[in-house]
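For reference, data00.txt is printed below; it contains compact mmCIF, C-alpha atoms.
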```txt
# COMPACT_ATOMS: atom_id res chain seq x y z
CA MET A 1 61.49 107.63 78.15
CA PRO A 2 62.29 107.92 81.85
CA TYR A 3 65.12 105.79 83.15
CA GLN A 4 63.72 102.40 84.13
CA ARG A 5 65.37 100.69 87.09
CA THR A 6 66.16 97.01 86.59
CA ASP A 7 66.30 96.10 90.27
CA VAL A 8 62.74 96.98 91.27
CA THR A 9 61.51 94.65 93.99
CA SER A 10 58.69 92.23 93.27
CA GLN A 11 57.87 91.85 96.97
CA THR A 12 54.49 92.78 98.33
CA GLY A 13 54.31 95.96 100.36
CA SER A 14 54.03 94.12 103.67
CA ALA A 15 56.94 91.77 102.87
CA TYR A 16 59.07 94.68 101.69
CA LYS A 17 58.39 96.63 104.90
CA ALA A 18 59.15 93.58 107.05
CA ASN A 19 62.51 93.13 105.33
CA ILE A 20 63.37 96.82 105.68
CA ASP A 21 62.48 96.71 109.37
CA SER A 22 64.61 93.61 109.83
CA ASP A 23 67.59 95.23 108.10
CA THR A 24 67.19 98.41 110.15
CA ALA A 25 67.13 96.45 113.41
CA ALA A 26 70.21 94.45 112.38
CA ASN A 27 72.16 97.67 111.74
CA ALA A 28 71.26 99.32 115.05
CA GLY A 29 74.46 100.73 116.49
CA ASN A 30 76.33 100.79 113.18
CA TRP A 31 78.04 104.21 113.06
CA GLY A 32 79.58 104.55 109.65
CA LYS A 33 82.17 102.78 107.56
CA ARG A 34 85.88 102.10 107.87
CA ARG A 35 87.72 104.19 110.46
CA ASN A 36 91.21 102.77 109.83
CA VAL A 37 93.64 103.88 107.13
CA ASN A 38 95.13 101.65 104.39
CA GLY A 39 93.17 98.56 105.34
CA SER A 40 93.92 96.86 102.03
CA GLY A 41 97.65 97.62 102.20
CA ARG A 42 97.77 99.30 98.78
CA ILE A 43 99.81 102.30 99.97
CA ASN A 44 103.43 101.32 100.56
CA GLN A 45 105.66 104.39 100.73
CA LEU A 46 108.40 102.47 102.56
CA VAL A 47 108.63 100.08 99.56
CA SER A 48 111.21 97.81 101.21
CA THR A 49 110.27 94.90 103.48
CA VAL A 50 111.31 94.98 107.14
CA ALA A 51 112.79 92.12 109.18
CA ILE A 52 110.65 90.91 112.09
CA ALA A 53 111.76 91.70 115.64
CA THR A 54 110.36 91.67 119.17
CA SER A 55 109.85 95.44 119.01
CA TRP A 56 107.13 97.03 116.90
CA ALA A 57 108.22 98.19 113.43
CA TYR A 58 106.39 99.72 110.48
CA CYS A 59 106.03 97.41 107.49
CA LEU A 60 104.03 99.83 105.32
CA ASP A 61 101.81 102.87 105.76
CA MET A 62 99.84 102.77 109.04
CA TRP A 63 100.74 99.13 109.81
CA GLU A 64 103.20 97.79 112.37
CA PHE A 65 104.17 94.24 113.28
CA GLN A 66 106.22 92.28 115.81
CA MET A 67 106.82 88.79 117.17
CA GLY A 68 105.80 88.13 120.76
CA SER A 69 109.07 86.31 121.56
CA ASN A 70 112.35 85.84 119.74
CA ASN A 71 111.25 82.66 117.97
CA ALA A 72 110.39 83.76 114.43
CA SER A 73 112.10 84.98 111.28
CA GLY A 74 111.00 86.66 108.07
CA SER A 75 110.60 90.08 106.47
CA PHE A 76 107.18 91.73 106.37
CA GLY A 77 105.70 94.35 104.07
CA GLN A 78 103.44 94.59 101.03
CA ILE A 79 103.03 91.19 99.34
CA THR A 80 101.69 90.66 95.82
CA ASP A 81 98.75 88.26 96.05
CA SER A 82 96.08 87.92 93.36
CA ASN A 83 93.83 86.06 95.82
CA PHE A 84 93.23 89.33 97.70
CA PRO A 85 90.87 91.89 96.11
CA ALA A 86 93.51 94.64 96.04
CA GLY A 87 96.07 92.30 94.46
CA VAL A 88 98.32 92.85 97.46
CA ALA A 89 98.31 91.91 101.14
CA ILE A 90 100.17 92.86 104.32
CA GLY A 91 102.52 90.13 105.55
CA THR A 92 105.25 87.74 104.46
CA SER A 93 106.00 84.69 102.34
CA GLY A 94 109.07 83.76 104.38
CA LEU A 95 107.83 83.09 107.91
CA GLY A 96 109.89 80.68 110.01
CA THR A 97 109.44 79.66 113.64
CA THR A 98 111.63 77.83 116.15
CA SER A 99 108.86 77.67 118.76
CA ALA A 100 105.19 78.56 119.04
CA VAL A 101 105.01 82.34 118.78
CA ASN A 102 102.48 85.15 118.37
CA ILE A 103 102.85 87.27 115.23
CA ASN A 104 101.06 90.56 115.78
CA PHE A 105 99.85 93.29 113.41
CA ARG A 106 98.44 96.61 114.56
CA THR A 107 97.10 99.91 113.27
CA LYS A 108 96.18 103.13 115.07
CA ILE A 109 93.14 105.37 114.75
CA GLU A 110 93.34 108.96 115.91
CA SER A 111 90.95 110.32 118.49
CA VAL A 112 88.77 112.44 116.17
CA ASN A 113 87.77 109.30 114.28
CA VAL A 114 86.54 107.30 117.29
CA ARG A 115 84.92 109.83 119.61
CA ASP A 116 81.44 109.04 118.35
CA ILE A 117 82.06 105.36 119.20
CA VAL A 118 83.71 105.56 122.60
CA ASN A 119 81.81 107.17 125.47
CA GLY A 120 83.31 110.19 127.15
CA ALA A 121 83.66 113.29 125.00
CA ALA A 122 80.46 112.56 123.04
CA PRO A 123 78.09 110.42 125.14
CA PHE A 124 75.09 110.91 122.81
CA LYS A 125 74.93 108.21 120.15
CA TYR A 126 72.95 107.43 117.04
CA PRO A 127 70.72 105.54 116.94
CA VAL A 128 69.08 106.20 120.27
CA SER A 129 67.76 102.61 120.32
CA SER A 130 69.70 99.49 121.26
CA PRO A 131 72.48 98.53 121.61
CA ALA A 132 72.81 100.87 124.55
CA ASN A 133 76.58 100.38 124.80
CA SER A 134 79.35 101.26 122.36
CA TYR A 135 80.97 98.52 120.28
CA ILE A 136 83.37 98.15 117.40
CA SER A 137 83.29 95.42 114.81
CA ILE A 138 86.40 94.17 113.02
CA SER A 139 86.63 92.28 109.76
CA CYS A 140 89.57 91.21 107.61
CA LEU A 141 90.81 88.74 105.06
CA ALA A 142 93.62 86.48 106.27
CA TYR A 143 95.72 83.65 104.93
CA GLN A 144 98.25 81.26 106.44
CA ASP A 145 99.62 77.89 105.31
CA SER A 146 101.17 76.48 108.46
CA GLY A 147 99.38 73.15 107.91
CA SER A 148 96.91 73.57 110.77
CA SER A 149 94.35 76.10 111.96
CA VAL A 150 95.59 78.97 114.12
CA ASN A 151 93.77 81.26 116.52
CA VAL A 152 93.51 84.98 115.75
CA THR A 153 92.76 87.29 118.68
CA PRO A 154 91.89 91.00 118.43
CA ILE A 155 93.00 93.44 121.13
CA VAL A 156 91.77 97.03 121.31
CA ARG A 157 94.10 99.39 123.19
CA SER A 158 93.66 103.06 124.08
CA ALA A 159 96.27 105.79 124.12
CA ASP A 160 97.11 107.11 127.58
CA ALA A 161 97.42 110.61 126.09
CA GLN A 162 95.50 111.98 123.12
CA ASP A 163 96.94 110.65 119.86
CA ASN A 164 100.14 109.66 121.68
CA PHE A 165 100.43 105.89 121.65
CA GLY A 166 103.79 105.73 123.42
CA THR A 167 102.00 104.17 126.39
CA MET A 168 98.78 102.16 126.20
CA THR A 169 97.90 101.00 129.70
CA ASN A 170 94.31 99.93 129.03
CA SER A 171 92.94 97.32 126.63
CA VAL A 172 90.01 95.04 125.80
CA THR A 173 90.57 91.57 124.32
CA GLY A 174 88.10 90.04 121.88
CA ASN A 175 87.28 86.41 121.25
CA ALA A 176 89.74 84.23 119.34
CA LEU A 177 88.59 83.04 115.91
CA SER A 178 90.07 80.08 114.04
CA LEU A 179 91.89 80.70 110.75
CA PRO A 180 92.18 77.52 108.64
CA SER A 181 95.34 76.65 106.75
CA GLY A 182 95.57 77.10 103.00
CA ALA A 183 92.55 79.30 102.26
CA VAL A 184 91.93 83.05 102.17
CA THR A 185 89.31 83.45 104.89
CA ARG A 186 87.20 86.38 106.04
CA LEU A 187 87.37 86.74 109.81
CA VAL A 188 84.57 88.79 111.37
CA TRP A 189 84.21 90.02 114.93
CA ASP A 190 80.66 91.37 115.11
CA THR A 191 77.17 90.71 116.50
CA SER A 192 76.50 90.35 120.22
CA ALA A 193 78.77 87.29 120.22
CA ASN A 194 82.01 88.87 119.00
CA ALA A 195 81.71 92.66 118.66
CA ILE A 196 84.07 94.35 121.12
CA ARG A 197 82.52 96.62 123.73
CA VAL A 198 84.56 99.80 124.15
CA ASP A 199 82.45 102.22 126.19
CA ASN A 200 84.16 100.92 129.33
CA LEU A 201 87.67 101.17 127.82
CA THR A 202 89.51 103.79 129.88
CA ASN A 203 90.95 106.62 127.76
CA GLY A 204 89.21 105.32 124.65
CA VAL A 205 88.53 108.89 123.47
CA ASN A 206 92.30 109.44 123.23
CA GLY A 207 92.54 107.15 120.19
CA LEU A 208 92.41 103.42 119.56
CA CYS A 209 95.03 100.88 118.54
CA ILE A 210 93.65 97.71 116.91
CA GLU A 211 95.89 94.65 117.20
CA LEU A 212 95.47 91.25 115.54
CA ASP A 213 97.50 88.46 117.15
CA PHE A 214 98.16 85.22 115.21
CA ALA A 215 99.20 82.21 117.32
CA MET A 216 101.62 80.47 114.95
CA PRO A 217 102.97 76.96 115.64
CA ASN A 218 106.54 75.71 115.92
CA GLY A 219 108.60 74.35 113.05
CA LEU A 220 107.60 76.62 110.18
CA SER A 221 109.88 77.46 107.25
CA THR A 222 109.20 79.89 104.38
CA LYS A 223 105.48 79.95 105.14
CA ASN A 224 102.88 82.59 104.31
CA LEU A 225 101.06 84.85 106.75
CA ARG A 226 99.13 87.81 105.41
CA ILE A 227 96.11 90.03 105.97
CA GLY A 228 94.09 92.48 103.85
CA ASP A 229 90.82 94.39 103.63
CA VAL A 230 90.98 95.16 107.35
CA GLN A 231 88.00 97.24 108.44
CA ILE A 232 87.17 98.71 111.83
CA GLU A 233 83.63 100.09 112.26
CA GLY A 234 81.44 101.41 115.02
CA GLY A 235 78.63 99.16 116.16
CA GLN A 236 77.89 95.46 116.11
CA VAL A 237 77.52 94.96 112.34
CA ALA A 238 80.53 94.31 110.11
CA SER A 239 79.75 95.44 106.58
CA ASP A 240 81.66 94.73 103.38
CA PHE A 241 85.06 96.41 103.04
CA ALA A 242 84.84 100.05 101.97
CA VAL A 243 87.16 100.40 98.98
CA GLY A 244 88.41 103.94 98.46
CA LEU A 245 90.20 105.60 95.56
CA VAL A 246 93.96 105.08 95.72
CA ALA A 247 94.54 108.85 95.46
CA ASP A 248 92.27 109.48 98.47
CA GLU A 249 93.93 106.72 100.48
CA LEU A 250 97.38 108.09 99.63
CA ASP A 251 96.31 111.54 100.87
CA ARG A 252 95.19 109.98 104.16
CA CYS A 253 98.48 108.10 104.54
CA GLN A 254 100.54 111.19 103.73
CA ARG A 255 99.07 112.90 106.77
CA TYR A 256 101.28 110.56 108.78
CA TYR A 257 104.27 109.92 106.49
CA ALA A 258 105.40 111.83 103.40
CA LYS A 259 108.37 111.68 101.04
CA THR A 260 109.77 113.40 97.97
CA PHE A 261 110.69 110.08 96.36
CA ALA A 262 108.50 108.52 93.69
CA MET A 263 105.94 106.08 95.10
CA ALA A 264 107.85 103.02 93.86
CA THR A 265 111.24 104.24 95.16
CA ALA A 266 112.41 103.32 98.65
CA PRO A 267 113.88 106.29 100.58
CA ALA A 268 117.65 106.01 100.32
CA GLN A 269 120.77 108.05 99.75
CA ASN A 270 122.19 108.22 96.22
CA ALA A 271 118.82 107.15 94.72
CA GLY A 272 118.80 109.73 91.89
CA THR A 273 117.31 113.15 91.37
CA GLY A 274 113.96 111.96 90.02
CA SER A 275 111.17 113.81 91.91
CA ALA A 276 113.74 115.39 94.27
CA LEU A 277 113.15 118.83 95.76
CA VAL A 278 115.06 121.28 93.51
CA LEU A 279 116.05 124.72 94.80
CA SER A 280 118.10 127.66 93.55
CA GLN A 281 121.31 128.56 95.35
CA THR A 282 120.92 132.20 96.38
CA VAL A 283 124.31 132.72 98.07
CA GLY A 284 127.96 132.49 97.14
CA SER A 285 130.36 129.69 97.97
CA SER A 286 130.77 128.28 101.51
CA THR A 287 127.89 130.40 102.78
CA ALA A 288 124.83 129.51 104.86
CA GLN A 289 121.61 129.52 102.86
CA LYS A 290 118.52 129.77 105.05
CA GLY A 291 114.82 129.55 104.33
CA ASN A 292 114.83 126.54 102.02
CA PHE A 293 111.35 125.00 102.19
CA TRP A 294 109.64 121.70 101.42
CA ALA A 295 105.82 121.83 101.37
CA TYR A 296 104.34 118.43 102.25
CA PRO A 297 101.88 116.89 99.76
CA VAL A 298 99.09 117.37 102.33
CA ARG A 299 98.79 118.92 105.77
CA MET A 300 100.15 116.38 108.25
CA ILE A 301 98.35 115.34 111.42
CA LYS A 302 100.99 117.15 113.49
CA ALA A 303 104.48 118.56 113.09
CA PRO A 304 106.60 115.50 112.19
CA GLY A 305 108.85 114.18 114.91
CA THR A 306 111.52 113.27 112.35
CA VAL A 307 112.55 114.84 109.05
CA THR A 308 115.35 112.99 107.24
CA PHE A 309 117.59 114.27 104.41
CA TYR A 310 118.90 112.10 101.57
CA ASN A 311 121.58 113.26 99.14
CA PRO A 312 120.26 112.22 95.70
CA SER A 313 123.74 111.78 94.18
CA ALA A 314 126.00 110.62 97.02
CA THR A 315 125.85 108.46 100.16
CA ASN A 316 125.32 111.16 102.77
CA ALA A 317 122.58 113.39 104.13
CA GLN A 318 123.63 116.67 102.49
CA VAL A 319 121.94 118.86 99.91
CA ARG A 320 123.58 118.41 96.49
CA ASN A 321 124.72 121.22 94.20
CA LEU A 322 124.07 119.79 90.74
CA ASP A 323 126.13 122.32 88.77
CA GLN A 324 129.38 122.91 90.65
CA GLY A 325 132.19 120.88 89.04
CA GLY A 326 129.73 118.27 87.79
CA GLY A 327 128.17 118.03 91.25
CA ALA A 328 129.29 118.88 94.78
CA ASP A 329 127.86 118.39 98.26
CA CYS A 330 126.71 121.18 100.52
CA SER A 331 127.54 120.94 104.21
CA ALA A 332 125.79 121.33 107.58
CA THR A 333 122.31 120.58 106.22
CA ALA A 334 119.78 120.77 109.07
CA THR A 335 116.12 121.48 109.76
CA ASP A 336 115.10 124.93 110.97
CA ILE A 337 111.33 125.09 111.55
CA ILE A 338 109.18 121.94 111.29
CA GLY A 339 105.44 122.49 110.95
CA GLU A 340 102.28 120.71 109.84
CA TRP A 341 102.41 122.20 106.32
CA GLY A 342 106.11 121.89 105.60
CA VAL A 343 109.68 122.20 106.84
CA SER A 344 112.27 124.92 106.37
CA PHE A 345 115.92 123.97 106.48
CA ASN A 346 119.38 125.50 106.25
CA THR A 347 122.44 124.37 104.35
CA THR A 348 125.93 125.67 103.58
CA SER A 349 126.90 125.94 99.92
CA PRO A 350 129.98 124.08 98.61
CA ALA A 351 133.33 125.72 98.01
CA SER A 352 133.74 127.47 94.65
CA SER A 353 129.97 127.39 93.98
CA SER A 354 127.97 130.43 92.98
CA ALA A 355 124.48 131.90 93.20
CA GLY A 356 122.04 130.71 90.56
CA GLN A 357 123.19 127.08 90.57
CA ARG A 358 120.75 124.24 91.25
CA LEU A 359 120.43 122.44 94.59
CA ALA A 360 118.61 119.13 95.05
CA VAL A 361 117.68 116.94 98.00
CA HIS A 362 115.25 114.20 98.97
CA LEU A 363 113.37 114.25 102.29
CA THR A 364 110.97 112.17 104.36
CA ALA A 365 108.72 113.44 107.14
CA ASP A 366 107.45 111.06 109.83
CA ALA A 367 104.44 112.04 111.95
CA ARG A 368 103.10 108.51 112.47
CA LEU A 369 101.09 107.88 115.62
```
File written out as structure tokens:
Amino acid sequence: MPYQRTDVTSQTGSAYKANIDSDTAANAGNWGKRRNVNGSGRINQLVSTVAIATSWAYCLDMWEFQMGSNNASGSFGQITDSNFPAGVAIGTSGLGTTSAVNINFRTKIESVNVRDIVNGAAPFKYPVSSPANSYISISCLAYQDSGSSVNVTPIVRSADAQDNFGTMTNSVTGNALSLPSGAVTRLVWDTSANAIRVDNLTNGVNGLCIELDFAMPNGLSTKNLRIGDVQIEGGQVASDFAVGLVADELDRCQRYYAKTFAMATAPAQNAGTGSALVLSQTVGSSTAQKGNFWAYPVRMIKAPGTVTFYNPSATNAQVRNLDQGGGADCSATATDIIGEWGVSFNTTSPASSSAGQRLAVHLTADARL
């Protein structure tokens, strides 16, 4: 017997066509699914939470946060929350405020992933029908328990130079939506009312930064503020969140930040040799060993700006000889050539060590936009 579908429509041909036409018209200008990385917050290579400050800081892969003025406290990162589909959210359970203050989250999208949305490098768009202008829609889940509704305002910024978000002179601000207290709520900026027009955003083809600003009230103590399932799409229609495989999402995140540590281990000195990079010492004692190499898990978006060493068995940044006298530190460990595929580094072997002994080190590579 042929496979029999169980969802066959019972509509008449004319009704079916009318519904298809209606759906097609509603999706005009919708150019694909999620453009942002780690929208559900499942990938957390930093592991540790980060204290809030007035300067932007990473709280987990591809997400930064800050307070608009020095009137808030709390540490932000990945929060376990069974009320979010992924079981985790991005935010805090310890928010305090001494005055009304904006708490801001942001993520960045590299230029190659937005050029079909923003006019400039690729002015031809699909579909060729309306809307004639370029838009993005934003959707997310959010939760706060301040005791009253708060306004959430999206801001879309463009990089002044391609994929270099050090300066972002130009921006477009969307409409504020109200987030009630005490309930996980889906906020949606789409349709002609709330989708954000970006074809007139100067330098949009250089890459986009999406910011969500929460206007939190005064007098809070150990309160919750968190987001999840954040999705940025081209067009005026916000579709359901596109859930990807964790392995695929990790690969995407590792293009910007990679580490030798196990996923559940925060990068730190003296954290153990588990999953460390292990090498063979090829020189005698107190001798420079060149050409040591760490291949990143995936090819990174660019040569990392920072590569950091962590001694797995002591509180310093040296390579560790695991065999000399029960363990001894190398000296003068430093990067040599940093590329998109990996990093070569040099180190000087410890006194009284010998060729053939094992060396171990942990590393992180940071190429985040």
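Compared by their closest atoms to Val47 in chain A, and using only C-alpha atoms, the residues A:Thr202, A:Thr308, A:Ser331, A:Thr265 rank with A:Thr265 nearest.
Among the candidates A:Ile90, A:Val278, A:Ala183, A:Leu60, the one nearest to Asp145 in chain A when counting all atoms listed in the file is A:Ala183.
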### Option closest in space to Ala360 in chain A, from A:Val307, A:Ala271, A:Leu179, A:Ala51 [counting all atoms listed in the file]
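Answer, going by the shortest atom-to-atom distance: A:Ala271.
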### Task
Do a neighbour search on Val205 in chain A at 6 Å with all atoms listed in the file, toss out local chain neighbours closer than 4 positions, and write the hits as a ChimeraX atom specification.
/A:111,115,118
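Pairwise distance (CA of Lys302 in chain A, CA of Pro267 in chain A) equals 21.2 Å.
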### Task
State, in Å with one decimal place, the distance from CA of Ser285 in chain A to CA of Ala317 in chain A.
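Atom-to-atom, CA of Ser285 in chain A to CA of Ala317 in chain A, that is 19.1 Å.
Between CA of Ala351 in chain A and CA of Gln289 in chain A lies a distance of 13.2 Å.
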### Message
I'd like to know which of A:Gln162, A:Thr185, A:Pro297, A:Ile210 is closest to Asp251 in chain A, using only C-alpha atoms.
### Response
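Ranked by minimum distance to Asp251 in chain A, first place goes to A:Pro297.
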### Message
With all atoms listed in the file as the counted atoms, please give the residues lying no more than 10 Å from range 345-349 of chain A, apart from itself and same-chain residues fewer than 3 positions off, as JSON, numbers by chain.
### Response
{"A": [281, 282, 283, 284, 285, 286, 287, 288, 289, 290, 291, 292, 293, 294, 318, 319, 320, 321, 328, 329, 330, 331, 332, 333, 334, 335, 336, 337, 338, 352, 353, 354, 355, 359]}
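The residue that comes closest to Gly207 in chain A, out of A:Lys108, A:Arg226, A:Arg299, A:Arg255 and on the basis of only C-alpha atoms, is A:Lys108.
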### Message
Considering only C-alpha atoms, can you say which of A:Thr315, A:Thr169, A:Ser14, A:Gln254 comes closest to Met300 in chain A?
### Response
A:Gln254
### Message
What's around Leu220 in chain A at 12 Å? Count all atoms listed in the file, leave out sequence neighbours fewer than 5 positions away in its own chain, and write the answer as a ChimeraX atom specification.
### Response
/A:71-74,93-101,144-148,225
Your completed range 314-342 of chain A with N, CA and C atoms, as an mmCIF file, in the frame of the given file:
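Output file rebuild32.cif follows:
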```cif
data_model
loop_
_atom_site.group_PDB
_atom_site.id
_atom_site.type_symbol
_atom_site.label_atom_id
_atom_site.label_comp_id
_atom_site.auth_asym_id
_atom_site.auth_seq_id
_atom_site.Cartn_x
_atom_site.Cartn_y
_atom_site.Cartn_z
ATOM 1 N N ALA A 314 124.873 111.105 96.222
ATOM 2 C CA ALA A 314 126.000 110.620 97.020
ATOM 3 C C ALA A 314 125.459 109.963 98.282
ATOM 4 N N THR A 315 126.295 109.200 98.966
ATOM 5 C CA THR A 315 125.850 108.460 100.160
ATOM 6 C C THR A 315 126.081 109.292 101.417
ATOM 7 N N ASN A 316 125.319 110.358 101.546
ATOM 8 C CA ASN A 316 125.320 111.160 102.770
ATOM 9 C C ASN A 316 123.996 111.897 102.855
ATOM 10 N N ALA A 317 123.849 112.715 103.877
ATOM 11 C CA ALA A 317 122.580 113.390 104.130
ATOM 12 C C ALA A 317 122.648 114.878 103.814
ATOM 13 N N GLN A 318 123.471 115.261 102.839
ATOM 14 C CA GLN A 318 123.630 116.670 102.490
ATOM 15 C C GLN A 318 122.823 117.043 101.245
ATOM 16 N N VAL A 319 122.502 118.326 101.148
ATOM 17 C CA VAL A 319 121.940 118.860 99.910
ATOM 18 C C VAL A 319 123.037 118.807 98.837
ATOM 19 N N ARG A 320 122.624 118.546 97.596
ATOM 20 C CA ARG A 320 123.580 118.410 96.490
ATOM 21 C C ARG A 320 123.494 119.603 95.547
ATOM 22 N N ASN A 321 124.643 120.223 95.255
ATOM 23 C CA ASN A 321 124.720 121.220 94.200
ATOM 24 C C ASN A 321 124.955 120.468 92.893
ATOM 25 N N LEU A 322 124.018 120.585 91.965
ATOM 26 C CA LEU A 322 124.070 119.790 90.740
ATOM 27 C C LEU A 322 125.002 120.371 89.690
ATOM 28 N N ASP A 323 125.403 121.630 89.839
ATOM 29 C CA ASP A 323 126.130 122.320 88.770
ATOM 30 C C ASP A 323 127.604 122.565 89.062
ATOM 31 N N GLN A 324 127.999 122.581 90.311
ATOM 32 C CA GLN A 324 129.380 122.910 90.650
ATOM 33 C C GLN A 324 130.307 121.729 90.340
ATOM 34 N N GLY A 325 131.207 121.906 89.358
ATOM 35 C CA GLY A 325 132.190 120.880 89.040
ATOM 36 C C GLY A 325 131.580 119.534 88.712
ATOM 37 N N GLY A 326 130.402 119.532 88.091
ATOM 38 C CA GLY A 326 129.730 118.270 87.790
ATOM 39 C C GLY A 326 128.967 117.706 88.963
ATOM 40 N N GLY A 327 128.903 118.460 90.060
ATOM 41 C CA GLY A 327 128.170 118.030 91.250
ATOM 42 C C GLY A 327 129.038 118.097 92.483
ATOM 43 N N ALA A 328 128.538 118.756 93.530
ATOM 44 C CA ALA A 328 129.290 118.880 94.780
ATOM 45 C C ALA A 328 128.305 118.950 95.944
ATOM 46 N N ASP A 329 128.735 118.426 97.093
ATOM 47 C CA ASP A 329 127.860 118.390 98.260
ATOM 48 C C ASP A 329 127.924 119.678 99.053
ATOM 49 N N CYS A 330 126.755 120.116 99.521
ATOM 50 C CA CYS A 330 126.710 121.180 100.520
ATOM 51 C C CYS A 330 127.152 120.600 101.861
ATOM 52 N N SER A 331 127.148 121.415 102.880
ATOM 53 C CA SER A 331 127.540 120.940 104.210
ATOM 54 C C SER A 331 126.592 121.500 105.255
ATOM 55 N N ALA A 332 126.561 120.860 106.421
ATOM 56 C CA ALA A 332 125.790 121.330 107.580
ATOM 57 C C ALA A 332 124.306 121.471 107.269
ATOM 58 N N THR A 333 123.741 120.558 106.504
ATOM 59 C CA THR A 333 122.310 120.580 106.220
ATOM 60 C C THR A 333 121.524 120.207 107.463
ATOM 61 N N ALA A 334 120.532 121.026 107.834
ATOM 62 C CA ALA A 334 119.780 120.770 109.070
ATOM 63 C C ALA A 334 118.422 121.449 108.999
ATOM 64 N N THR A 335 117.446 120.877 109.698
ATOM 65 C CA THR A 335 116.120 121.480 109.760
ATOM 66 C C THR A 335 116.166 122.781 110.559
ATOM 67 N N ASP A 336 115.228 123.672 110.258
ATOM 68 C CA ASP A 336 115.100 124.930 110.970
ATOM 69 C C ASP A 336 113.765 124.955 111.708
ATOM 70 N N ILE A 337 112.666 125.069 110.956
ATOM 71 C CA ILE A 337 111.330 125.090 111.550
ATOM 72 C C ILE A 337 110.518 123.956 110.920
ATOM 73 N N ILE A 338 109.986 123.066 111.764
ATOM 74 C CA ILE A 338 109.180 121.940 111.290
ATOM 75 C C ILE A 338 107.727 122.206 111.672
ATOM 76 N N GLY A 339 106.848 122.240 110.690
ATOM 77 C CA GLY A 339 105.440 122.490 110.950
ATOM 78 C C GLY A 339 104.555 121.430 110.344
ATOM 79 N N GLU A 340 103.243 121.658 110.393
ATOM 80 C CA GLU A 340 102.280 120.710 109.840
ATOM 81 C C GLU A 340 102.175 120.811 108.320
ATOM 82 N N TRP A 341 102.524 121.987 107.765
ATOM 83 C CA TRP A 341 102.410 122.200 106.320
ATOM 84 C C TRP A 341 103.700 121.938 105.572
ATOM 85 N N GLY A 342 104.835 122.069 106.266
ATOM 86 C CA GLY A 342 106.110 121.890 105.600
ATOM 87 C C GLY A 342 107.258 122.118 106.552
#
```
